[in-house]
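Student: For reference, this is run22.pdb, and it has PDB, C-alpha atoms, pLDDT in the B column.
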ATOM      1  CA  LYS A  17     -22.368  56.171  -8.861  1.00 91.00           C
ATOM      2  CA  GLU A  18     -21.004  59.687  -9.340  1.00 94.00           C
ATOM      3  CA  ARG A  19     -17.920  61.438  -8.025  1.00 93.00           C
ATOM      4  CA  ASP A  20     -16.623  64.981  -7.824  1.00 93.00           C
ATOM      5  CA  LEU A  21     -12.850  64.541  -8.086  1.00 88.00           C
ATOM      6  CA  ASN A  22     -11.806  68.170  -7.674  1.00 88.00           C
ATOM      7  CA  PHE A  23     -14.490  69.156  -5.117  1.00 91.00           C
ATOM      8  CA  ASP A  24     -15.893  71.994  -7.242  1.00 91.00           C
ATOM      9  CA  GLY A  25     -19.494  70.850  -6.745  1.00 91.00           C
ATOM     10  CA  ARG A  26     -19.795  69.313 -10.245  1.00 93.00           C
ATOM     11  CA  LYS A  27     -19.637  65.604 -10.963  1.00 94.00           C
ATOM     12  CA  ASP A  28     -16.574  64.500 -12.940  1.00 95.00           C
ATOM     13  CA  VAL A  29     -16.923  60.700 -13.035  1.00 97.00           C
ATOM     14  CA  TRP A  30     -19.945  58.479 -13.607  1.00 97.00           C
ATOM     15  CA  TYR A  31     -19.936  54.708 -13.061  1.00 96.00           C
ATOM     16  CA  TYR A  32     -22.539  52.412 -14.607  1.00 96.00           C
ATOM     17  CA  TYR A  33     -22.989  48.882 -13.287  1.00 95.00           C
ATOM     18  CA  ASN A  34     -24.395  45.665 -14.729  1.00 92.00           C
ATOM     19  CA  ASP A  35     -26.780  43.343 -12.882  1.00 91.00           C
ATOM     20  CA  ASP A  36     -23.827  41.442 -11.379  1.00 90.00           C
ATOM     21  CA  GLY A  37     -22.545  44.603  -9.672  1.00 91.00           C
ATOM     22  CA  ASN A  38     -19.524  45.009 -11.980  1.00 92.00           C
ATOM     23  CA  VAL A  39     -18.707  48.356 -13.568  1.00 94.00           C
ATOM     24  CA  ARG A  40     -19.679  48.131 -17.250  1.00 96.00           C
ATOM     25  CA  MET A  41     -18.905  51.743 -18.209  1.00 97.00           C
ATOM     26  CA  GLU A  42     -17.199  54.801 -16.763  1.00 97.00           C
ATOM     27  CA  GLU A  43     -17.475  58.356 -18.073  1.00 97.00           C
ATOM     28  CA  MET A  44     -14.912  60.934 -17.030  1.00 96.00           C
ATOM     29  CA  ASP A  45     -14.413  64.658 -17.419  1.00 95.00           C
ATOM     30  CA  LEU A  46     -10.618  64.688 -17.242  1.00 92.00           C
ATOM     31  CA  ASP A  47     -10.091  68.438 -17.619  1.00 91.00           C
ATOM     32  CA  PHE A  48     -13.064  69.511 -15.446  1.00 92.00           C
ATOM     33  CA  ASP A  49     -14.721  71.569 -18.199  1.00 92.00           C
ATOM     34  CA  GLY A  50     -18.128  69.913 -17.760  1.00 90.00           C
ATOM     35  CA  ARG A  51     -17.828  67.656 -20.838  1.00 93.00           C
ATOM     36  CA  ILE A  52     -17.011  63.951 -20.923  1.00 95.00           C
ATOM     37  CA  ASP A  53     -13.548  63.308 -22.371  1.00 95.00           C
ATOM     38  CA  LEU A  54     -13.073  59.600 -21.679  1.00 97.00           C
ATOM     39  CA  VAL A  55     -15.473  56.657 -21.772  1.00 98.00           C
ATOM     40  CA  THR A  56     -14.207  53.282 -20.560  1.00 98.00           C
ATOM     41  CA  HIS A  57     -16.089  50.091 -21.420  1.00 98.00           C
ATOM     42  CA  ARG A  58     -15.749  46.918 -19.348  1.00 97.00           C
ATOM     43  CA  GLN A  59     -17.135  43.416 -19.566  1.00 93.00           C
ATOM     44  CA  GLY A  60     -17.182  41.178 -16.515  1.00 88.00           C
ATOM     45  CA  GLY A  61     -15.182  43.885 -14.767  1.00 86.00           C
ATOM     46  CA  LYS A  62     -12.385  43.669 -17.368  1.00 93.00           C
ATOM     47  CA  LEU A  63     -11.226  46.595 -19.470  1.00 96.00           C
ATOM     48  CA  LEU A  64     -12.347  46.266 -23.124  1.00 97.00           C
ATOM     49  CA  ARG A  65     -11.921  49.668 -24.735  1.00 98.00           C
ATOM     50  CA  GLN A  66     -11.592  53.366 -24.112  1.00 98.00           C
ATOM     51  CA  GLU A  67     -12.909  56.198 -26.243  1.00 98.00           C
ATOM     52  CA  MET A  68     -11.477  59.698 -25.944  1.00 97.00           C
ATOM     53  CA  ASP A  69     -12.323  63.162 -27.249  1.00 96.00           C
ATOM     54  CA  THR A  70      -8.928  64.863 -27.267  1.00 94.00           C
ATOM     55  CA  ASN A  71      -9.806  68.084 -29.130  1.00 93.00           C
ATOM     56  CA  LYS A  72     -13.001  68.975 -27.205  1.00 91.00           C
ATOM     57  CA  ASP A  73     -15.330  68.847 -30.239  1.00 92.00           C
ATOM     58  CA  GLY A  74     -17.706  66.340 -28.626  1.00 91.00           C
ATOM     59  CA  ARG A  75     -16.669  63.485 -30.950  1.00 94.00           C
ATOM     60  CA  VAL A  76     -14.443  60.515 -30.162  1.00 96.00           C
ATOM     61  CA  ASP A  77     -11.085  60.730 -31.930  1.00 96.00           C
ATOM     62  CA  VAL A  78      -9.017  58.103 -30.061  1.00 98.00           C
ATOM     63  CA  TRP A  79      -9.995  54.481 -29.443  1.00 98.00           C
ATOM     64  CA  LYS A  80      -7.942  52.121 -27.279  1.00 98.00           C
ATOM     65  CA  ARG A  81      -8.680  48.384 -27.419  1.00 97.00           C
ATOM     66  CA  PHE A  82      -7.682  45.775 -24.860  1.00 96.00           C
ATOM     67  CA  GLU A  83      -7.636  41.984 -24.617  1.00 95.00           C
ATOM     68  CA  GLU A  84      -7.407  40.509 -21.131  1.00 93.00           C
ATOM     69  CA  GLU A  85      -6.810  44.114 -19.994  1.00 93.00           C
ATOM     70  CA  VAL A  86      -3.635  44.401 -22.110  1.00 95.00           C
ATOM     71  CA  LEU A  87      -3.483  47.165 -24.720  1.00 96.00           C
ATOM     72  CA  THR A  88      -3.661  45.673 -28.240  1.00 97.00           C
ATOM     73  CA  ARG A  89      -4.496  48.623 -30.488  1.00 97.00           C
ATOM     74  CA  ILE A  90      -4.903  52.382 -30.576  1.00 98.00           C
ATOM     75  CA  GLU A  91      -6.798  54.046 -33.399  1.00 98.00           C
ATOM     76  CA  ARG A  92      -6.848  57.801 -34.009  1.00 97.00           C
ATOM     77  CA  ASP A  93      -8.679  60.264 -36.182  1.00 97.00           C
ATOM     78  CA  THR A  94      -5.818  62.747 -36.443  1.00 95.00           C
ATOM     79  CA  ASN A  95      -7.447  65.123 -38.940  1.00 93.00           C
ATOM     80  CA  HIS A  96     -10.856  65.008 -37.188  1.00 92.00           C
ATOM     81  CA  ASP A  97     -12.867  64.024 -40.254  1.00 92.00           C
ATOM     82  CA  GLY A  98     -14.659  61.188 -38.430  1.00 90.00           C
ATOM     83  CA  LYS A  99     -12.484  58.392 -39.899  1.00 93.00           C
ATOM     84  CA  VAL A 100      -9.543  56.530 -38.368  1.00 96.00           C
ATOM     85  CA  ASP A 101      -6.288  57.434 -40.135  1.00 96.00           C
ATOM     86  CA  TYR A 102      -3.650  56.206 -37.681  1.00 97.00           C
ATOM     87  CA  TRP A 103      -3.293  52.763 -36.085  1.00 97.00           C
ATOM     88  CA  GLU A 104      -0.912  51.464 -33.427  1.00 97.00           C
ATOM     89  CA  TYR A 105      -0.760  47.690 -32.896  1.00 97.00           C
ATOM     90  CA  TYR A 106       0.673  46.173 -29.737  1.00 96.00           C
ATOM     91  CA  GLU A 107       1.885  42.655 -29.062  1.00 94.00           C
ATOM     92  CA  GLY A 108       2.463  41.581 -25.493  1.00 89.00           C
ATOM     93  CA  GLY A 109       1.796  45.158 -24.390  1.00 85.00           C
ATOM     94  CA  GLN A 110       4.661  46.479 -26.565  1.00 93.00           C
ATOM     95  CA  LEU A 111       4.278  48.626 -29.682  1.00 95.00           C
ATOM     96  CA  ASP A 112       4.752  46.446 -32.781  1.00 96.00           C
ATOM     97  CA  ARG A 113       3.777  48.630 -35.751  1.00 97.00           C
ATOM     98  CA  ILE A 114       2.071  51.870 -36.760  1.00 97.00           C
ATOM     99  CA  GLY A 115      -0.134  52.300 -39.815  1.00 97.00           C
ATOM    100  CA  TYR A 116      -0.842  55.602 -41.562  1.00 97.00           C
ATOM    101  CA  ASP A 117      -3.650  56.535 -43.948  1.00 97.00           C
ATOM    102  CA  ASP A 118      -2.080  59.373 -45.937  1.00 94.00           C
ATOM    103  CA  ASP A 119      -4.945  59.946 -48.386  1.00 94.00           C
ATOM    104  CA  SER A 120      -7.934  59.688 -45.990  1.00 90.00           C
ATOM    105  CA  ASP A 121      -9.527  56.677 -47.702  1.00 92.00           C
ATOM    106  CA  GLY A 122      -9.667  54.546 -44.527  1.00 89.00           C
ATOM    107  CA  VAL A 123      -6.915  52.169 -45.707  1.00 93.00           C
ATOM    108  CA  VAL A 124      -3.351  51.988 -44.364  1.00 95.00           C
ATOM    109  CA  ASP A 125      -0.923  53.438 -46.952  1.00 96.00           C
ATOM    110  CA  ARG A 126       2.321  52.838 -45.090  1.00 96.00           C
ATOM    111  CA  TRP A 127       3.622  51.045 -42.015  1.00 96.00           C
ATOM    112  CA  ASP A 128       6.381  51.767 -39.534  1.00 95.00           C
ATOM    113  CA  ARG A 129       7.770  48.928 -37.423  1.00 93.00           C
ATOM    114  CA  ALA A 130       8.920  49.360 -33.864  1.00 78.00           C
ATOM    115  CA  LYS A 131      12.678  49.321 -33.481  1.00 75.00           C
ATOM    116  CA  GLY A 132      14.078  45.820 -33.319  1.00 66.00           C
ATOM    117  CA  LYS A 133      11.109  44.300 -35.167  1.00 59.00           C
TER     118      LYS A 133
END
Have the structure of the file written as structure tokens, please.

Tutor:
Amino acid sequence: KERDLNFDGRKDVWYYYNDDGNVRMEEMDLDFDGRIDLVTHRQGGKLLRQEMDTNKDGRVDVWKRFEEEVLTRIERDTNHDGKVDYWEYYEGGQLDRIGYDDDSDGVVDRWDRAKGK
């Protein structure tokens, strides 16, 4: 299924279904520039993860992960080198801690805790 959200004649959202009729993936052009910015993956109709291209280079640089449709983790490639260098972990839908990879080796170098933790 396809949709044109801003009625400019170009499709902006694509829905892909599994054999059970549930949406398994959605692709969206959020800024209407003709390129997909957000891909949402679902299983059994439930939200699993989202992948975003925030700097318009055609590569995913933000990943959001969900369990039972509750946000559990966000990973980012902040320097756009193709590797995650920033992690946010959530517990009960609330931010718990943030990890930073300061030397781009793919390993957390330091952690910040959410206030009150």

Student: From (5.2, 53.2, -36.7), in the file's coordinates, out to 10 Å: which residues are reached, counting all atoms listed in the file? Answer as a PyMOL selection string.

Tutor: chain A and resi 102-105+111-116+126-131

Student: Given the selection you just returned, output its residues as a file containing C-alpha atoms, formatted as an mmCIF file, in the frame of the given file.

Tutor:
data_model
loop_
_atom_site.group_PDB
_atom_site.id
_atom_site.type_symbol
_atom_site.label_atom_id
_atom_site.label_comp_id
_atom_site.auth_asym_id
_atom_site.auth_seq_id
_atom_site.Cartn_x
_atom_site.Cartn_y
_atom_site.Cartn_z
ATOM 1 C CA TYR A 102 -3.650 56.206 -37.681
ATOM 2 C CA TRP A 103 -3.293 52.763 -36.085
ATOM 3 C CA GLU A 104 -0.912 51.464 -33.427
ATOM 4 C CA TYR A 105 -0.760 47.690 -32.896
ATOM 5 C CA LEU A 111 4.278 48.626 -29.682
ATOM 6 C CA ASP A 112 4.752 46.446 -32.781
ATOM 7 C CA ARG A 113 3.777 48.630 -35.751
ATOM 8 C CA ILE A 114 2.071 51.870 -36.760
ATOM 9 C CA GLY A 115 -0.134 52.300 -39.815
ATOM 10 C CA TYR A 116 -0.842 55.602 -41.562
ATOM 11 C CA ARG A 126 2.321 52.838 -45.090
ATOM 12 C CA TRP A 127 3.622 51.045 -42.015
ATOM 13 C CA ASP A 128 6.381 51.767 -39.534
ATOM 14 C CA ARG A 129 7.770 48.928 -37.423
ATOM 15 C CA ALA A 130 8.920 49.360 -33.864
ATOM 16 C CA LYS A 131 12.678 49.321 -33.481
#

Student: May I have the residues within 12 Å of Val55 in chain A as a list in words, using all atoms listed in the file and disregarding those fewer than 5 positions away in the same chain?

Tutor: Asp28, Val29, Trp30, Tyr31, Tyr32, Arg40, Met41, Glu42, Glu43, Met44, Asp45, Leu46, Leu63, Leu64, Arg65, Gln66, Glu67, Met68, Asp69, Thr70, Arg75, Val76, Asp77, Val78, Trp79 and Lys80 of chain A

Student: Would you compute the distance between CA of Ile90 in chain A and CA of Arg19 in chain A? Give it in Å to one decimal.

Tutor: 27.6 Å

Student: Once the PyMOL selection byres ((chain A and resi 83) around 9) has been applied to the shown file, what residues remain in the selection, as a list in words?

Tutor: Lys62, Leu63, Leu64, Arg65, Arg81, Phe82, Glu84, Glu85, Val86, Leu87 and Thr88 of chain A

Student: Quote the spacing between CA of His57 in chain A and CA of Gln110 in chain A in Å to one decimal place.

Tutor: 21.7 Å

Student: Could you tell me, as an mmCIF file with C-alpha atoms, in the frame of the given file, exactly which residues end up selected when the PyMOL selection byres ((chain A and resi 95) around 12) is applied to this structure?

Tutor:
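Contents of the output file part-v5.cif:
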data_model
loop_
_atom_site.group_PDB
_atom_site.id
_atom_site.type_symbol
_atom_site.label_atom_id
_atom_site.label_comp_id
_atom_site.auth_asym_id
_atom_site.auth_seq_id
_atom_site.Cartn_x
_atom_site.Cartn_y
_atom_site.Cartn_z
ATOM 1 C CA THR A 70 -8.928 64.863 -27.267
ATOM 2 C CA ASN A 71 -9.806 68.084 -29.130
ATOM 3 C CA ASP A 77 -11.085 60.730 -31.930
ATOM 4 C CA VAL A 78 -9.017 58.103 -30.061
ATOM 5 C CA ARG A 92 -6.848 57.801 -34.009
ATOM 6 C CA ASP A 93 -8.679 60.264 -36.182
ATOM 7 C CA THR A 94 -5.818 62.747 -36.443
ATOM 8 C CA HIS A 96 -10.856 65.008 -37.188
ATOM 9 C CA ASP A 97 -12.867 64.024 -40.254
ATOM 10 C CA GLY A 98 -14.659 61.188 -38.430
ATOM 11 C CA LYS A 99 -12.484 58.392 -39.899
ATOM 12 C CA VAL A 100 -9.543 56.530 -38.368
ATOM 13 C CA ASP A 101 -6.288 57.434 -40.135
ATOM 14 C CA TYR A 102 -3.650 56.206 -37.681
ATOM 15 C CA TYR A 116 -0.842 55.602 -41.562
ATOM 16 C CA ASP A 117 -3.650 56.535 -43.948
ATOM 17 C CA ASP A 118 -2.080 59.373 -45.937
ATOM 18 C CA ASP A 119 -4.945 59.946 -48.386
ATOM 19 C CA SER A 120 -7.934 59.688 -45.990
#

Student: Point out the residue among A:Asp121, A:Asn34, A:Asn22, A:Gly74 with the least atom-to-atom distance to Arg58 in chain A, counting only C-alpha atoms.

Tutor: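 The shortest atom-to-atom distance to Arg58 in chain A comes from A:Asn34.
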
Student: Any idea what the distance is between CA of Lys72 in chain A and CA of Glu18 in chain A?

Tutor: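 For CA of Lys72 in chain A relative to CA of Glu18 in chain A, the distance reads 21.7 Å.
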
Student: Env of Gly37 in chain A: 12 Å cut, atoms = all atoms listed in the file, seq-sep filter 6 positions within chain, self excluded. Answer as a list of chain:residue names.

Tutor: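 The residues that qualify are A:Lys17, A:Tyr31, A:Gln59, A:Gly60, A:Gly61.
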
Student: Quick one: write out the picked residues with C-alpha atoms as a PDB file, in the coordinates of the input?

Tutor:
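Output (part34.pdb):
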ATOM      1  CA  LYS A  17     -22.368  56.171  -8.861  1.00 91.00           C
ATOM      2  CA  TYR A  31     -19.936  54.708 -13.061  1.00 96.00           C
ATOM      3  CA  GLN A  59     -17.135  43.416 -19.566  1.00 93.00           C
ATOM      4  CA  GLY A  60     -17.182  41.178 -16.515  1.00 88.00           C
ATOM      5  CA  GLY A  61     -15.182  43.885 -14.767  1.00 86.00           C
TER       6      GLY A  61
END

Student: Restricting the calculation to only C-alpha atoms: of A:Thr56, A:Glu91, A:Asp24, A:Gly50, which residue gets closest to Gly122 in chain A?

Tutor: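 Among the listed residues, A:Glu91 lies closest to Gly122 in chain A.
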
Student: Using all atoms listed in the file, pick whichever of A:Val123, A:Lys27, A:Asp35, A:Tyr106 has the shortest atom-to-atom distance to Asp49 in chain A.

Tutor: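 The closest residue to Asp49 in chain A is A:Lys27.
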
Student: Can you fill out range 74-95 of chain A with N, CA, C and O atoms and hand it back as a short mmCIF file (atom, residue, chain, number, x, y, z; two decimals), in the frame of the given file?

Tutor:
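Wrote selection-v3.cif, looks like this:
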data_model
loop_
_atom_site.label_atom_id
_atom_site.label_comp_id
_atom_site.auth_asym_id
_atom_site.auth_seq_id
_atom_site.Cartn_x
_atom_site.Cartn_y
_atom_site.Cartn_z
N GLY A 74 -16.56 67.17 -28.95
CA GLY A 74 -17.71 66.34 -28.63
C GLY A 74 -17.75 65.02 -29.38
O GLY A 74 -18.71 64.27 -29.24
N ARG A 75 -16.72 64.74 -30.19
CA ARG A 75 -16.67 63.48 -30.95
C ARG A 75 -15.42 62.70 -30.56
O ARG A 75 -14.35 63.26 -30.37
N VAL A 76 -15.58 61.39 -30.49
CA VAL A 76 -14.44 60.52 -30.16
C VAL A 76 -13.42 60.58 -31.28
O VAL A 76 -13.77 60.54 -32.47
N ASP A 77 -12.14 60.73 -30.92
CA ASP A 77 -11.08 60.73 -31.93
C ASP A 77 -9.93 59.79 -31.58
O ASP A 77 -8.99 59.65 -32.35
N VAL A 78 -10.00 59.11 -30.43
CA VAL A 78 -9.02 58.10 -30.06
C VAL A 78 -9.76 56.91 -29.45
O VAL A 78 -10.61 57.09 -28.58
N TRP A 79 -9.42 55.72 -29.95
CA TRP A 79 -9.99 54.48 -29.44
C TRP A 79 -8.85 53.58 -29.00
O TRP A 79 -7.91 53.35 -29.76
N LYS A 80 -8.92 53.08 -27.78
CA LYS A 80 -7.94 52.12 -27.28
C LYS A 80 -8.67 50.80 -27.06
O LYS A 80 -9.72 50.77 -26.44
N ARG A 81 -8.06 49.70 -27.53
CA ARG A 81 -8.68 48.38 -27.42
C ARG A 81 -7.77 47.47 -26.60
O ARG A 81 -6.54 47.53 -26.73
N PHE A 82 -8.40 46.64 -25.79
CA PHE A 82 -7.68 45.78 -24.86
C PHE A 82 -8.18 44.34 -24.98
O PHE A 82 -9.36 44.10 -25.26
N GLU A 83 -7.28 43.39 -24.76
CA GLU A 83 -7.64 41.98 -24.62
C GLU A 83 -7.02 41.50 -23.31
O GLU A 83 -5.82 41.69 -23.09
N GLU A 84 -7.86 40.92 -22.47
CA GLU A 84 -7.41 40.51 -21.13
C GLU A 84 -6.72 41.67 -20.41
O GLU A 84 -5.71 41.51 -19.74
N GLU A 85 -7.26 42.87 -20.61
CA GLU A 85 -6.81 44.11 -19.99
C GLU A 85 -5.41 44.54 -20.43
O GLU A 85 -4.79 45.38 -19.79
N VAL A 86 -4.92 44.00 -21.54
CA VAL A 86 -3.64 44.40 -22.11
C VAL A 86 -3.92 45.18 -23.39
O VAL A 86 -4.69 44.72 -24.24
N LEU A 87 -3.30 46.33 -23.54
CA LEU A 87 -3.48 47.16 -24.72
C LEU A 87 -3.07 46.41 -25.97
O LEU A 87 -1.96 45.86 -26.04
N THR A 88 -3.96 46.36 -26.97
CA THR A 88 -3.66 45.67 -28.24
C THR A 88 -3.65 46.64 -29.43
O THR A 88 -2.97 46.39 -30.41
N ARG A 89 -4.42 47.72 -29.33
CA ARG A 89 -4.50 48.62 -30.49
C ARG A 89 -4.97 50.00 -30.05
O ARG A 89 -5.81 50.12 -29.16
N ILE A 90 -4.42 51.01 -30.71
CA ILE A 90 -4.90 52.38 -30.58
C ILE A 90 -5.22 52.87 -31.98
O ILE A 90 -4.41 52.71 -32.89
N GLU A 91 -6.40 53.45 -32.13
CA GLU A 91 -6.80 54.05 -33.40
C GLU A 91 -7.05 55.53 -33.16
O GLU A 91 -7.59 55.90 -32.12
N ARG A 92 -6.66 56.35 -34.15
CA ARG A 92 -6.85 57.80 -34.01
C ARG A 92 -7.43 58.39 -35.28
O ARG A 92 -7.12 57.95 -36.38
N ASP A 93 -8.22 59.41 -35.09
CA ASP A 93 -8.68 60.26 -36.18
C ASP A 93 -7.89 61.56 -36.04
O ASP A 93 -8.32 62.48 -35.35
N THR A 94 -6.73 61.62 -36.67
CA THR A 94 -5.82 62.75 -36.44
C THR A 94 -6.25 64.03 -37.14
O THR A 94 -5.89 65.11 -36.70
N ASN A 95 -7.02 63.91 -38.24
CA ASN A 95 -7.45 65.12 -38.94
C ASN A 95 -8.90 65.48 -38.62
O ASN A 95 -9.45 66.41 -39.20
#
